[in-house]
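J.: Enclosed is the structure file run-v4.cif (mmCIF, C-alpha atoms).
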data_query
#
loop_
_atom_site.label_atom_id
_atom_site.label_comp_id
_atom_site.auth_asym_id
_atom_site.auth_seq_id
_atom_site.Cartn_x
_atom_site.Cartn_y
_atom_site.Cartn_z
CA MET A 806 130.49 -57.28 88.97
CA ALA A 807 129.45 -54.61 86.50
CA PRO A 808 132.23 -52.21 85.45
CA PRO A 809 131.92 -48.60 86.63
CA ARG A 810 130.82 -45.97 84.17
CA ILE A 811 133.63 -43.65 83.24
CA THR A 812 131.49 -40.64 82.35
CA GLY A 813 128.26 -39.30 83.74
CA ASN A 814 129.02 -40.15 87.35
CA LEU A 815 131.76 -37.69 88.33
CA LEU A 816 134.14 -40.56 89.16
CA ASN A 817 136.89 -38.59 87.51
CA VAL A 818 140.39 -37.40 88.08
CA ILE A 819 139.83 -34.32 90.21
CA ASP A 820 138.31 -34.07 93.70
CA LEU A 821 135.76 -31.31 93.14
CA ARG A 822 135.57 -30.48 96.83
CA ALA A 823 139.35 -30.00 96.94
CA LEU A 824 139.14 -27.96 93.75
CA ARG A 825 136.62 -25.58 95.33
CA ASP A 826 138.79 -25.23 98.43
CA ASP A 827 142.10 -24.69 96.61
CA PRO A 828 141.71 -23.94 92.88
CA ASP A 829 145.21 -22.45 92.73
CA ARG A 830 146.72 -25.90 93.21
CA LEU A 831 145.23 -27.14 89.95
CA ARG A 832 146.19 -23.87 88.23
CA ALA A 833 149.81 -24.38 89.29
CA SER A 834 149.71 -28.02 88.15
CA GLN A 835 148.33 -27.07 84.75
CA ARG A 836 151.08 -24.47 84.30
CA ALA A 837 153.72 -27.02 85.37
CA ARG A 838 152.48 -29.33 82.62
CA GLY A 839 152.41 -26.54 80.05
CA GLU A 840 148.62 -26.82 79.91
CA ASP A 841 145.98 -24.08 79.92
CA ASP A 842 145.01 -23.14 83.48
CA ALA A 843 141.78 -21.51 82.25
CA VAL A 844 140.20 -24.95 82.59
CA VAL A 845 140.06 -24.32 86.35
CA ASP A 846 137.61 -21.43 85.99
CA ARG A 847 135.58 -23.48 83.53
CA LEU A 848 135.37 -26.37 85.99
CA LEU A 849 134.38 -24.09 88.85
CA ASP A 850 131.70 -22.45 86.72
CA LEU A 851 130.26 -25.78 85.51
CA ASP A 852 130.37 -27.20 89.04
CA SER A 853 128.55 -24.18 90.46
CA ARG A 854 125.89 -24.18 87.74
CA ARG A 855 125.35 -27.92 88.03
CA ARG A 856 124.90 -27.75 91.81
CA ALA A 857 122.47 -24.84 91.38
CA ALA A 858 120.56 -26.83 88.75
CA LEU A 859 120.40 -29.86 91.07
CA THR A 860 119.12 -27.68 93.91
CA ARG A 861 116.42 -26.23 91.66
CA PHE A 862 115.45 -29.72 90.46
CA GLU A 863 115.21 -31.07 94.01
CA THR A 864 113.20 -28.03 95.20
CA LEU A 865 110.75 -28.31 92.33
CA ARG A 866 110.41 -32.07 92.78
CA ALA A 867 109.69 -31.63 96.49
CA GLU A 868 107.00 -29.08 95.64
CA GLN A 869 105.61 -31.44 93.00
CA LYS A 870 105.27 -34.21 95.57
CA SER A 871 103.67 -31.86 98.06
CA VAL A 872 101.12 -30.62 95.51
CA GLY A 873 100.36 -34.19 94.50
CA LYS A 874 99.55 -35.12 98.07
CA SER A 875 97.38 -32.02 98.50
CA VAL A 876 95.12 -32.77 95.53
CA SER A 877 93.25 -35.62 97.22
CA LYS A 878 92.59 -33.50 100.31
CA ALA A 879 91.61 -30.31 98.50
CA SER A 880 88.10 -28.96 98.02
CA PRO A 881 86.67 -29.06 94.51
CA GLU A 882 87.45 -25.35 94.10
CA GLU A 883 91.10 -25.80 95.17
CA ARG A 884 91.62 -29.08 93.26
CA GLU A 885 91.47 -27.50 89.81
CA GLU A 886 94.08 -24.89 90.75
CA LEU A 887 96.34 -27.58 92.26
CA LEU A 888 96.02 -29.78 89.17
CA THR A 889 97.03 -26.87 86.98
CA ARG A 890 100.03 -26.24 89.21
CA ALA A 891 100.90 -29.94 89.18
CA LYS A 892 101.00 -29.96 85.37
CA SER A 893 103.20 -26.87 85.35
CA LEU A 894 105.52 -28.39 87.93
CA ALA A 895 105.85 -31.60 85.91
CA VAL A 896 107.21 -29.59 82.99
CA GLU A 897 109.52 -27.54 85.21
CA VAL A 898 110.88 -30.62 86.98
CA LYS A 899 111.62 -32.31 83.66
CA GLU A 900 113.38 -29.20 82.36
CA ALA A 901 115.41 -28.79 85.58
CA GLU A 902 116.46 -32.43 85.51
CA ALA A 903 117.53 -32.16 81.86
CA GLU A 904 119.56 -29.04 82.65
CA ALA A 905 121.30 -30.71 85.60
CA ASP A 906 122.08 -33.77 83.46
CA ARG A 907 123.40 -31.62 80.61
CA LEU A 908 125.68 -29.66 82.93
CA GLY A 909 126.81 -32.90 84.61
CA GLU A 910 127.78 -34.42 81.28
CA GLU A 911 129.64 -31.26 80.28
CA LEU A 912 131.44 -31.21 83.62
CA ASP A 913 132.37 -34.88 83.29
CA ALA A 914 133.68 -34.37 79.76
CA THR A 915 135.83 -31.46 80.90
CA LEU A 916 137.09 -33.33 83.97
CA LYS A 917 138.01 -36.36 81.89
CA ASP A 918 140.56 -34.35 79.93
CA VAL A 919 142.25 -32.82 82.99
CA PRO A 920 145.53 -34.59 83.88
CA ASN A 921 146.57 -35.54 87.38
CA LEU A 922 147.88 -32.91 89.77
CA VAL A 923 151.66 -32.65 89.57
CA GLU A 924 153.33 -33.46 92.87
CA GLU A 925 155.02 -30.53 94.56
CA GLY A 926 158.78 -30.72 94.06
CA ALA A 927 158.67 -32.11 90.53
CA PRO A 928 160.98 -30.19 88.15
CA GLU A 929 159.40 -27.52 85.98
CA GLY A 930 159.63 -27.56 82.20
CA GLY A 931 159.35 -30.09 79.40
CA VAL A 932 161.01 -33.20 78.03
CA ASP A 933 164.58 -31.86 78.38
CA ASP A 934 164.14 -30.33 81.82
CA PHE A 935 164.48 -33.44 83.99
CA THR A 936 166.71 -33.35 87.06
CA VAL A 937 169.51 -35.91 87.39
CA LEU A 938 169.29 -37.18 90.97
CA GLU A 939 172.20 -39.61 90.93
CA GLU A 940 174.63 -41.39 88.63
CA ILE A 941 175.57 -44.94 89.58
CA GLY A 942 178.60 -46.68 88.12
CA THR A 943 181.10 -45.41 85.57
CA PRO A 944 180.65 -45.93 81.82
CA ARG A 945 183.18 -48.48 80.67
CA ALA A 946 186.31 -47.39 78.80
CA PHE A 947 186.75 -49.87 75.93
CA ASP A 948 190.17 -50.76 74.53
CA PHE A 949 188.44 -51.78 71.29
CA THR A 950 185.67 -50.29 69.17
CA PRO A 951 182.41 -51.48 70.77
CA ARG A 952 179.72 -53.01 68.60
CA ASP A 953 176.09 -51.94 68.91
CA HIS A 954 173.49 -54.34 70.27
CA LEU A 955 172.14 -55.35 66.87
CA GLU A 956 175.55 -56.32 65.49
CA LEU A 957 176.26 -58.23 68.68
CA GLY A 958 172.82 -59.83 68.58
CA GLU A 959 173.34 -61.02 65.03
CA MET A 960 176.81 -62.39 65.84
CA LEU A 961 175.36 -64.26 68.81
CA GLY A 962 172.37 -65.58 66.86
CA ALA A 963 170.21 -63.70 69.36
CA ILE A 964 168.33 -61.02 67.37
CA ASP A 965 166.83 -61.28 63.89
CA THR A 966 165.22 -58.04 62.70
CA GLU A 967 165.27 -58.94 59.00
CA ARG A 968 162.95 -61.88 59.43
CA GLY A 969 160.91 -59.91 61.95
CA ALA A 970 160.29 -57.29 59.25
CA LYS A 971 159.58 -60.00 56.68
CA VAL A 972 156.93 -61.59 58.89
CA SER A 973 155.38 -58.54 60.58
CA GLY A 974 156.87 -55.30 59.21
CA ALA A 975 159.16 -52.59 60.52
CA ARG A 976 159.97 -52.50 64.27
CA PHE A 977 159.33 -56.22 64.73
CA TYR A 978 161.98 -58.84 65.46
CA PHE A 979 162.70 -62.38 66.55
CA LEU A 980 164.70 -63.16 69.66
CA THR A 981 166.43 -66.43 68.83
CA GLY A 982 168.64 -68.88 70.69
CA VAL A 983 170.53 -67.15 73.48
CA GLY A 984 168.49 -63.98 72.80
CA ALA A 985 165.31 -65.76 73.83
CA MET A 986 167.11 -67.32 76.80
CA LEU A 987 168.47 -63.93 77.84
CA GLU A 988 165.02 -62.32 77.83
CA LEU A 989 163.36 -65.20 79.65
CA GLY A 990 166.15 -65.25 82.20
CA LEU A 991 165.95 -61.50 82.74
CA LEU A 992 162.18 -61.51 83.20
CA ASN A 993 162.28 -64.54 85.49
CA MET A 994 164.95 -62.85 87.59
CA ALA A 995 162.70 -59.79 87.93
CA MET A 996 159.70 -61.93 88.87
CA GLN A 997 161.73 -63.78 91.49
CA GLN A 998 162.97 -60.54 93.05
CA ALA A 999 159.45 -59.11 93.19
CA VAL A 1000 157.93 -62.25 94.71
CA ALA A 1001 160.69 -62.28 97.33
CA SER A 1002 159.71 -58.68 98.14
CA GLY A 1003 156.07 -59.65 98.75
CA PHE A 1004 154.49 -59.07 95.33
CA THR A 1005 151.78 -61.38 94.02
CA PRO A 1006 152.73 -62.68 90.53
CA MET A 1007 150.18 -62.10 87.77
CA VAL A 1008 149.88 -62.94 84.07
CA PRO A 1009 147.12 -60.52 83.01
CA PRO A 1010 145.09 -60.23 79.79
CA VAL A 1011 146.69 -58.07 77.11
CA LEU A 1012 143.34 -57.07 75.58
CA VAL A 1013 141.17 -54.73 77.65
CA LYS A 1014 137.84 -52.96 77.37
CA PRO A 1015 137.62 -49.22 76.57
CA GLU A 1016 136.58 -48.32 80.12
CA THR A 1017 139.74 -49.96 81.48
CA MET A 1018 142.05 -48.26 79.00
CA GLU A 1019 140.34 -44.91 79.51
CA GLY A 1020 140.22 -45.32 83.27
CA THR A 1021 143.99 -45.64 83.46
CA GLY A 1022 144.48 -42.47 81.40
CA PHE A 1023 145.85 -44.00 78.20
CA LEU A 1024 143.18 -42.71 75.83
CA GLY A 1025 144.05 -39.03 76.25
CA ALA A 1026 146.90 -37.21 74.57
CA HIS A 1027 148.69 -40.48 73.70
CA ALA A 1028 145.74 -42.43 72.35
CA ASP A 1029 147.47 -42.67 68.96
CA GLU A 1030 150.07 -44.93 70.61
CA VAL A 1031 147.46 -47.57 71.43
CA TYR A 1032 146.40 -50.43 69.16
CA HIS A 1033 142.61 -50.69 68.87
CA LEU A 1034 140.63 -53.67 67.53
CA PRO A 1035 137.42 -52.00 66.29
CA ALA A 1036 135.59 -55.25 65.49
CA ASP A 1037 135.79 -56.27 69.15
CA ASP A 1038 136.14 -52.78 70.69
CA LEU A 1039 139.17 -53.96 72.64
CA TYR A 1040 142.61 -52.42 73.11
CA LEU A 1041 146.04 -54.05 73.18
CA VAL A 1042 147.88 -52.90 76.29
CA GLY A 1043 151.20 -51.06 76.21
CA THR A 1044 151.90 -52.13 79.79
CA SER A 1045 150.37 -54.56 82.27
CA GLU A 1046 149.69 -51.47 84.41
CA VAL A 1047 146.41 -51.22 82.50
CA PRO A 1048 144.84 -54.62 83.31
CA LEU A 1049 146.32 -54.58 86.81
CA ALA A 1050 144.69 -51.19 87.46
CA GLY A 1051 141.39 -52.58 86.19
CA TYR A 1052 141.71 -55.71 88.33
CA HIS A 1053 139.99 -54.08 91.32
CA ALA A 1054 137.73 -51.69 89.39
CA GLY A 1055 134.46 -51.04 91.19
CA GLU A 1056 135.67 -52.71 94.40
CA ILE A 1057 136.16 -51.62 98.00
CA LEU A 1058 139.44 -53.11 99.25
CA PRO A 1059 140.07 -54.15 102.84
CA ALA A 1060 142.09 -51.30 104.34
CA ASP A 1061 144.17 -53.63 106.49
CA ALA A 1062 145.31 -55.53 103.39
CA LEU A 1063 146.91 -52.47 101.81
CA PRO A 1064 149.31 -52.14 100.16
CA ASN A 1065 148.27 -54.65 97.51
CA ARG A 1066 151.40 -55.30 95.44
CA TYR A 1067 151.18 -57.15 92.11
CA ILE A 1068 153.91 -58.05 89.64
CA GLY A 1069 152.64 -58.60 86.10
CA TRP A 1070 154.37 -60.32 83.19
CA SER A 1071 152.89 -59.53 79.81
CA SER A 1072 153.54 -58.85 76.18
CA CYS A 1073 153.06 -55.15 75.42
CA PHE A 1074 152.13 -53.34 72.23
CA ARG A 1075 152.78 -49.75 71.11
CA ARG A 1076 152.15 -48.18 67.76
CA GLU A 1077 155.13 -45.80 68.13
CA ALA A 1078 153.15 -43.15 66.28
CA GLY A 1079 155.22 -40.06 65.57
CA SER A 1080 158.52 -41.92 65.92
CA TYR A 1081 159.28 -42.15 62.18
CA GLY A 1082 163.04 -42.22 61.72
CA LYS A 1083 163.78 -42.59 65.45
CA ASP A 1084 165.64 -45.66 66.72
CA THR A 1085 164.94 -47.66 63.60
CA ARG A 1086 167.97 -49.92 64.17
CA GLY A 1087 167.67 -52.81 66.56
CA ILE A 1088 165.17 -53.33 69.36
CA ILE A 1089 165.16 -50.05 71.28
CA ARG A 1090 161.86 -48.77 69.90
CA VAL A 1091 159.60 -51.60 68.76
CA HIS A 1092 155.90 -52.42 68.43
CA GLN A 1093 155.91 -55.53 70.63
CA PHE A 1094 157.99 -56.40 73.68
CA ASN A 1095 157.77 -58.22 76.99
CA LYS A 1096 157.78 -56.53 80.36
CA VAL A 1097 157.60 -57.25 84.07
CA GLU A 1098 155.69 -54.46 85.78
CA MET A 1099 155.09 -53.67 89.45
CA PHE A 1100 151.66 -52.31 90.37
CA VAL A 1101 150.53 -51.19 93.82
CA TYR A 1102 147.29 -50.13 95.50
CA THR A 1103 147.91 -48.28 98.76
CA HIS A 1104 146.68 -45.60 101.16
CA PRO A 1105 147.05 -42.10 99.64
CA ASP A 1106 149.11 -40.91 102.60
CA GLN A 1107 151.59 -43.74 101.99
CA ALA A 1108 151.94 -43.29 98.24
CA HIS A 1109 154.96 -40.98 98.41
CA GLU A 1110 157.00 -43.49 100.41
CA GLU A 1111 155.80 -46.40 98.28
CA HIS A 1112 156.99 -44.55 95.19
CA ARG A 1113 160.52 -44.43 96.62
CA ARG A 1114 160.33 -48.14 97.42
CA LEU A 1115 159.42 -48.95 93.81
CA LEU A 1116 162.40 -46.91 92.62
CA GLY A 1117 164.59 -48.82 95.06
CA TRP A 1118 163.48 -52.19 93.66
CA GLU A 1119 164.21 -50.97 90.12
CA ARG A 1120 167.68 -49.89 91.20
CA ASP A 1121 168.28 -53.28 92.82
CA MET A 1122 167.71 -54.96 89.45
CA LEU A 1123 170.03 -52.59 87.61
CA ASP A 1124 172.73 -53.03 90.26
CA LYS A 1125 172.54 -56.82 89.91
CA LEU A 1126 173.06 -56.48 86.17
CA GLU A 1127 176.17 -54.34 86.73
CA LEU A 1128 174.97 -51.56 84.46
CA PRO A 1129 176.03 -47.90 84.75
CA TYR A 1130 172.87 -45.82 85.04
CA ARG A 1131 171.40 -42.58 86.32
CA VAL A 1132 168.17 -41.72 88.12
CA VAL A 1133 166.19 -38.78 86.75
CA ASP A 1134 163.21 -36.84 88.09
CA ILE A 1135 160.88 -36.15 85.16
CA ALA A 1136 159.65 -32.58 84.64
CA GLY A 1137 155.96 -31.74 84.95
CA GLY A 1138 155.60 -30.99 81.26
CA ASP A 1139 156.81 -34.48 80.33
CA LEU A 1140 154.54 -36.44 82.66
CA GLY A 1141 151.82 -38.68 81.33
CA SER A 1142 148.29 -37.62 82.19
CA SER A 1143 147.94 -40.12 85.06
CA ALA A 1144 151.28 -39.48 86.78
CA ALA A 1145 151.76 -36.96 89.57
CA ARG A 1146 155.50 -37.71 89.77
CA LYS A 1147 157.79 -39.97 87.76
CA PHE A 1148 161.35 -41.22 88.16
CA ASP A 1149 163.24 -42.92 85.33
CA CYS A 1150 166.39 -45.03 85.48
CA GLU A 1151 168.45 -44.62 82.33
CA ALA A 1152 171.29 -47.01 81.46
CA TRP A 1153 174.43 -45.98 79.61
CA ILE A 1154 174.47 -47.20 75.99
CA PRO A 1155 178.13 -47.17 74.86
CA THR A 1156 177.64 -46.96 71.09
CA GLN A 1157 175.22 -44.06 71.46
CA GLY A 1158 177.32 -42.27 74.06
CA ARG A 1159 174.26 -41.43 76.14
CA TYR A 1160 171.82 -42.73 78.70
CA ARG A 1161 168.54 -44.35 77.57
CA GLU A 1162 165.47 -45.11 79.66
CA LEU A 1163 165.15 -48.66 80.99
CA THR A 1164 162.74 -48.19 83.88
CA SER A 1165 160.02 -45.78 84.86
CA THR A 1166 158.03 -45.55 88.09
CA SER A 1167 155.01 -43.29 88.54
CA ASN A 1168 152.88 -42.24 91.49
CA CYS A 1169 149.37 -41.85 90.08
CA THR A 1170 147.84 -40.87 93.46
CA ASP A 1171 144.04 -41.34 93.21
CA PHE A 1172 143.77 -40.37 89.52
CA GLN A 1173 143.15 -43.91 88.24
CA SER A 1174 141.15 -45.10 91.24
CA ARG A 1175 138.67 -42.22 90.88
CA ARG A 1176 138.05 -43.11 87.24
CA LEU A 1177 137.85 -46.85 87.96
CA ASN A 1178 136.05 -46.45 91.33
CA ILE A 1179 138.62 -48.32 93.44
CA ARG A 1180 138.24 -47.59 97.16
CA TYR A 1181 139.01 -48.79 100.65
CA ARG A 1182 137.35 -48.01 103.98
CA ASP A 1183 139.13 -45.61 106.29
CA ALA A 1184 139.22 -45.86 110.10
CA ASP A 1185 135.71 -44.38 110.28
CA GLY A 1186 134.37 -46.93 107.81
CA LYS A 1187 133.95 -44.38 105.02
CA PRO A 1188 134.96 -45.38 101.47
CA ARG A 1189 138.00 -43.49 100.26
CA PHE A 1190 139.81 -43.65 96.93
CA ALA A 1191 143.05 -45.64 96.95
CA ALA A 1192 146.34 -44.53 95.42
CA THR A 1193 147.90 -46.50 92.57
CA LEU A 1194 151.55 -46.70 91.55
CA ASN A 1195 153.51 -48.56 88.91
CA GLY A 1196 157.11 -49.34 88.04
CA THR A 1197 159.04 -51.31 85.43
CA LEU A 1198 161.25 -54.10 86.76
CA ALA A 1199 162.52 -55.55 83.47
CA THR A 1200 161.72 -55.32 79.79
CA THR A 1201 163.07 -56.41 76.41
CA ARG A 1202 164.97 -53.12 75.97
CA TRP A 1203 167.28 -54.10 78.83
CA ILE A 1204 168.93 -56.59 76.44
CA VAL A 1205 170.37 -53.59 74.58
CA ALA A 1206 172.22 -52.36 77.67
CA ILE A 1207 173.34 -55.83 78.75
CA LEU A 1208 174.85 -56.72 75.38
CA GLU A 1209 176.59 -53.40 74.82
CA ASN A 1210 178.00 -52.91 78.32
CA HIS A 1211 179.21 -56.49 78.82
CA GLN A 1212 180.62 -57.19 75.35
CA GLN A 1213 184.17 -58.38 74.67
CA ALA A 1214 186.46 -57.70 71.74
CA ASP A 1215 185.64 -61.00 69.98
CA GLY A 1216 181.89 -60.29 70.04
CA SER A 1217 181.12 -62.49 73.02
CA VAL A 1218 179.13 -61.10 75.94
CA VAL A 1219 179.75 -61.82 79.62
CA VAL A 1220 176.51 -62.59 81.44
CA PRO A 1221 176.24 -60.62 84.71
CA GLU A 1222 176.83 -62.97 87.63
CA ALA A 1223 173.36 -62.51 89.14
CA LEU A 1224 171.73 -63.36 85.81
CA ARG A 1225 173.74 -66.52 85.10
CA PRO A 1226 171.50 -68.96 87.01
CA PHE A 1227 168.56 -67.76 84.91
CA VAL A 1228 170.36 -67.92 81.55
CA GLY A 1229 172.36 -71.08 82.20
CA ARG A 1230 175.74 -69.82 81.04
CA GLU A 1231 178.47 -67.37 81.92
CA VAL A 1232 179.32 -66.13 78.43
CA LEU A 1233 177.27 -65.74 75.27
CA GLU A 1234 179.49 -66.85 72.39
CA PRO A 1235 179.22 -65.77 68.73
CA VAL A 1236 177.56 -68.39 66.57
CA GLY A 1237 180.10 -70.73 65.02
CA LYS A 1238 182.87 -69.86 67.47
CA LYS A 1239 184.66 -72.91 68.79
#
Can the structure from this file be put into structure tokens for me?
T.:
Amino acid sequence: MAPPRITGNLLNVIDLRALRDDPDRLRASQRARGEDDAVVDRLLDLDSRRRAALTRFETLRAEQKSVGKSVSKASPEEREELLTRAKSLAVEVKEAEAEADRLGEELDATLKDVPNLVEEGAPEGGVDDFTVLEEIGTPRAFDFTPRDHLELGEMLGAIDTERGAKVSGARFYFLTGVGAMLELGLLNMAMQQAVASGFTPMVPPVLVKPETMEGTGFLGAHADEVYHLPADDLYLVGTSEVPLAGYHAGEILPADALPNRYIGWSSCFRREAGSYGKDTRGIIRVHQFNKVEMFVYTHPDQAHEEHRRLLGWERDMLDKLELPYRVVDIAGGDLGSSAARKFDCEAWIPTQGRYRELTSTSNCTDFQSRRLNIRYRDADGKPRFAATLNGTLATTRWIVAILENHQQADGSVVVPEALRPFVGREVLEPVGKK
């Protein structure tokens, strides 16, 4: 199946018919994101001019066909005049078509840079203006000075950042011994929970084509975060959301099969551009990590409820790991371009004295499906764009919270009860301890 074109076909992020009917909704969304709402007037103008150009092209082409048919029936006196008109029309039709194409390309280019509509009810503001919805659990009061995750990881023979840097550079690491077992156990636990909840397990490619990366919205404002292999024109994914979104590109899904729920396990890669000096110690902010990601295709009118279900599954995992955490509603100005609404779960990190993000779930409505041409047939048999959603169920960063919150004075770490069958032990002991 040939992949859909991303530009030149108006399979983009905004429903133009809805835009014409209610332009103020996009204006409000742009303001909520801290973006320029003047783009709305530009879109309306380009849309109007393009439709007028198409009408002119179709009118001229119809006349051209009519004149062509008349030539063979015309008298010699009329034929010369008709031939002259036919030549003139040929030029006009070509010019009208070129103008419609030019305006279509300009409209597509403008549409491509417009982010998704922010869901009503999302907090206003930027990165610091999230709303705390709930705090679960109480941060532990230590009767000793807690060690950070890297010190614990080194004592346990679980994390080796020095050799990671030697082999690959800054922000790389080895998970060794019980560190590797802890990650594999955590990810397997997440996969098992998802499969039990009806998700189809997937191990997707981690290299994708430009149209897939662009279709999911990752080549916009944050394109500098993505690793690109120019020789092959392929991109390394920062989340299995990308290949899972592309999985059904260009397809029409059976409506009665929705929702389609997938759980992907993949290595992920991020350049961490602009993060110089931030979280340089340990494995909080790294270039490569593993993640288990939920991805859902569903009916647009069920996306809101599905988003809450994804958040619930994330919370189930955190509860099983006995971690204190909070749920936050991300402000419009801090949303990625594809997300209409996003909830994060942030775990308490004792040595930092603050909460740090462990999970994120986003409702992308029909933003990605419009760009990737993913549809289903409604009750009337008409193709309609599906909604897509995603949510993190476990990732390497969770090791940070597990080690720090469950540490003991001697440097050992108690494995949460629910995780023990996957790790094969109750306590992680410092290397060399008898």
J.: To test your reading of the syntax: which residues would the PyMOL selection byres ((chain A and resi 1029-1046) around 8) return for the file shown? Reply as a PDB file with C-alpha atoms, keeping the file's coordinate frame.
T.:
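The result, stored in result.pdb:
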ATOM      1  CA  PRO A1009     147.120 -60.520  83.010  1.00  0.00           C
ATOM      2  CA  VAL A1011     146.690 -58.070  77.110  1.00  0.00           C
ATOM      3  CA  LEU A1012     143.340 -57.070  75.580  1.00  0.00           C
ATOM      4  CA  VAL A1013     141.170 -54.730  77.650  1.00  0.00           C
ATOM      5  CA  LYS A1014     137.840 -52.960  77.370  1.00  0.00           C
ATOM      6  CA  PRO A1015     137.620 -49.220  76.570  1.00  0.00           C
ATOM      7  CA  MET A1018     142.050 -48.260  79.000  1.00  0.00           C
ATOM      8  CA  PHE A1023     145.850 -44.000  78.200  1.00  0.00           C
ATOM      9  CA  LEU A1024     143.180 -42.710  75.830  1.00  0.00           C
ATOM     10  CA  ALA A1026     146.900 -37.210  74.570  1.00  0.00           C
ATOM     11  CA  HIS A1027     148.690 -40.480  73.700  1.00  0.00           C
ATOM     12  CA  ALA A1028     145.740 -42.430  72.350  1.00  0.00           C
ATOM     13  CA  VAL A1047     146.410 -51.220  82.500  1.00  0.00           C
ATOM     14  CA  PRO A1048     144.840 -54.620  83.310  1.00  0.00           C
ATOM     15  CA  LEU A1049     146.320 -54.580  86.810  1.00  0.00           C
ATOM     16  CA  ALA A1050     144.690 -51.190  87.460  1.00  0.00           C
ATOM     17  CA  GLY A1069     152.640 -58.600  86.100  1.00  0.00           C
ATOM     18  CA  TRP A1070     154.370 -60.320  83.190  1.00  0.00           C
ATOM     19  CA  SER A1071     152.890 -59.530  79.810  1.00  0.00           C
ATOM     20  CA  SER A1072     153.540 -58.850  76.180  1.00  0.00           C
ATOM     21  CA  CYS A1073     153.060 -55.150  75.420  1.00  0.00           C
ATOM     22  CA  PHE A1074     152.130 -53.340  72.230  1.00  0.00           C
ATOM     23  CA  ARG A1075     152.780 -49.750  71.110  1.00  0.00           C
ATOM     24  CA  ARG A1076     152.150 -48.180  67.760  1.00  0.00           C
ATOM     25  CA  GLU A1077     155.130 -45.800  68.130  1.00  0.00           C
ATOM     26  CA  ALA A1078     153.150 -43.150  66.280  1.00  0.00           C
ATOM     27  CA  LYS A1096     157.780 -56.530  80.360  1.00  0.00           C
ATOM     28  CA  VAL A1097     157.600 -57.250  84.070  1.00  0.00           C
ATOM     29  CA  GLU A1098     155.690 -54.460  85.780  1.00  0.00           C
ATOM     30  CA  MET A1099     155.090 -53.670  89.450  1.00  0.00           C
ATOM     31  CA  PHE A1100     151.660 -52.310  90.370  1.00  0.00           C
ATOM     32  CA  ASN A1195     153.510 -48.560  88.910  1.00  0.00           C
TER      33      ASN A1195
END
J.: If we count all atoms listed in the file and set the cut-off at 12 Å, which residues sit around Asp841 in chain A, ignoring sequence neighbours fewer than 5 positions away in its own chain? Please answer as a list in words.
T.: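 Selected residues are Leu831, Arg832, Ala833, Ser834, Gln835, Arg836, Asp846, Arg847, Asp918, Val919, Pro920 and Gly1138 of chain A.
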J.: Taking the file as I've supplied it (selection: the PyMOL selection byres ((chain A and resi 1161) around 6)), which residues are included? Please answer as a list in words.
T.: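 With the PyMOL selection byres ((chain A and resi 1161) around 6) on this model, the match is Glu1151, Ala1152, Tyr1160 and Glu1162 of chain A.
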J.: Which is closest to Asp852 in chain A among A:Ala1214, A:Leu912, A:Ala1060, A:Cys1169, if we use only C-alpha atoms?
T.: A:Leu912
J.: Rank nothing, just name the residue among A:Leu1123, A:Ala1054, A:Val1133, A:Leu1198 nearest to Leu1177 in chain A, using all atoms listed in the file.
T.: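 Counting all atoms listed in the file, the residue closest to Leu1177 in chain A is A:Ala1054.
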J.: What would the selection look like, as a list of chain:residue names, if the PyMOL selection byres ((chain A and resi 1148) around 6) were run on the coordinates I just shared?
T.: A:Val1133, A:Asp1134, A:Ile1135, A:Lys1147, A:Asp1149, A:Ser1165, A:Thr1166
J.: Give me, as a PyMOL selection string, all polymer residues having an atom no more than 10 Å from Asp965 in chain A, counting all atoms listed in the file and skipping those fewer than 3 positions away in the same chain.
T.: chain A and resi 955+958-959+962+968-970+977-981+984+1087-1088
J.: Taking into account all atoms listed in the file, which residue in the set A:Asp1185, A:Val983, A:Arg1225, A:Glu886 is nearest to Met960 in chain A?
T.: A:Val983
J.: Taking 4 positions as the minimum chain separation for residues in the same chain, which residues sit within 12 Å of Leu922 in chain A when counting only C-alpha atoms? Answer as a ChimeraX atom specification.
T.: /A:818-820,823-824,828-838,840,842,926-927,1137-1138,1140-1146,1168-1172
J.: For a quick check of understanding, using only C-alpha atoms, which of A:Arg861, A:Arg976, A:Lys1187, A:Arg1202 has the smallest distance to Glu988 in chain A?
T.: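 Among A:Arg861, A:Arg976, A:Lys1187, A:Arg1202, it is A:Arg1202 that comes nearest to Glu988 in chain A.
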J.: Determine, using only C-alpha atoms, which residues of range 1163-1215 of chain A have any atom at most 12 Å from an atom of range 941-945 of chain A, and tabulate each with its shortest atom pair and distance in Å to one decimal place, rows ordered by chain and then rising number, as a tab-separated table.
T.:
residue	atom	partner	partner_atom	distance
A:Ala1206	CA	A:Pro944	CA	11.4
A:Glu1209	CA	A:Arg945	CA	10.1
A:Asn1210	CA	A:Arg945	CA	7.2
A:His1211	CA	A:Arg945	CA	9.1
A:Gln1212	CA	A:Arg945	CA	10.5
A:Gln1213	CA	A:Arg945	CA	11.6
J.: Using C-alpha atoms, can you write the selected residues to a file as a CSV table (one decimal), in the frame of the given file?
T.:
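Once written, out_19.csv looks like this:
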chain,number,residue,atom,x,y,z
A,1206,ALA,CA,172.2,-52.4,77.7
A,1209,GLU,CA,176.6,-53.4,74.8
A,1210,ASN,CA,178.0,-52.9,78.3
A,1211,HIS,CA,179.2,-56.5,78.8
A,1212,GLN,CA,180.6,-57.2,75.4
A,1213,GLN,CA,184.2,-58.4,74.7
J.: Rounded to one decimal place, report the CA of Lys870 in chain A-CA of Glu883 in chain A distance in Å.
T.: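 Between these atoms lies a distance of 16.5 Å.
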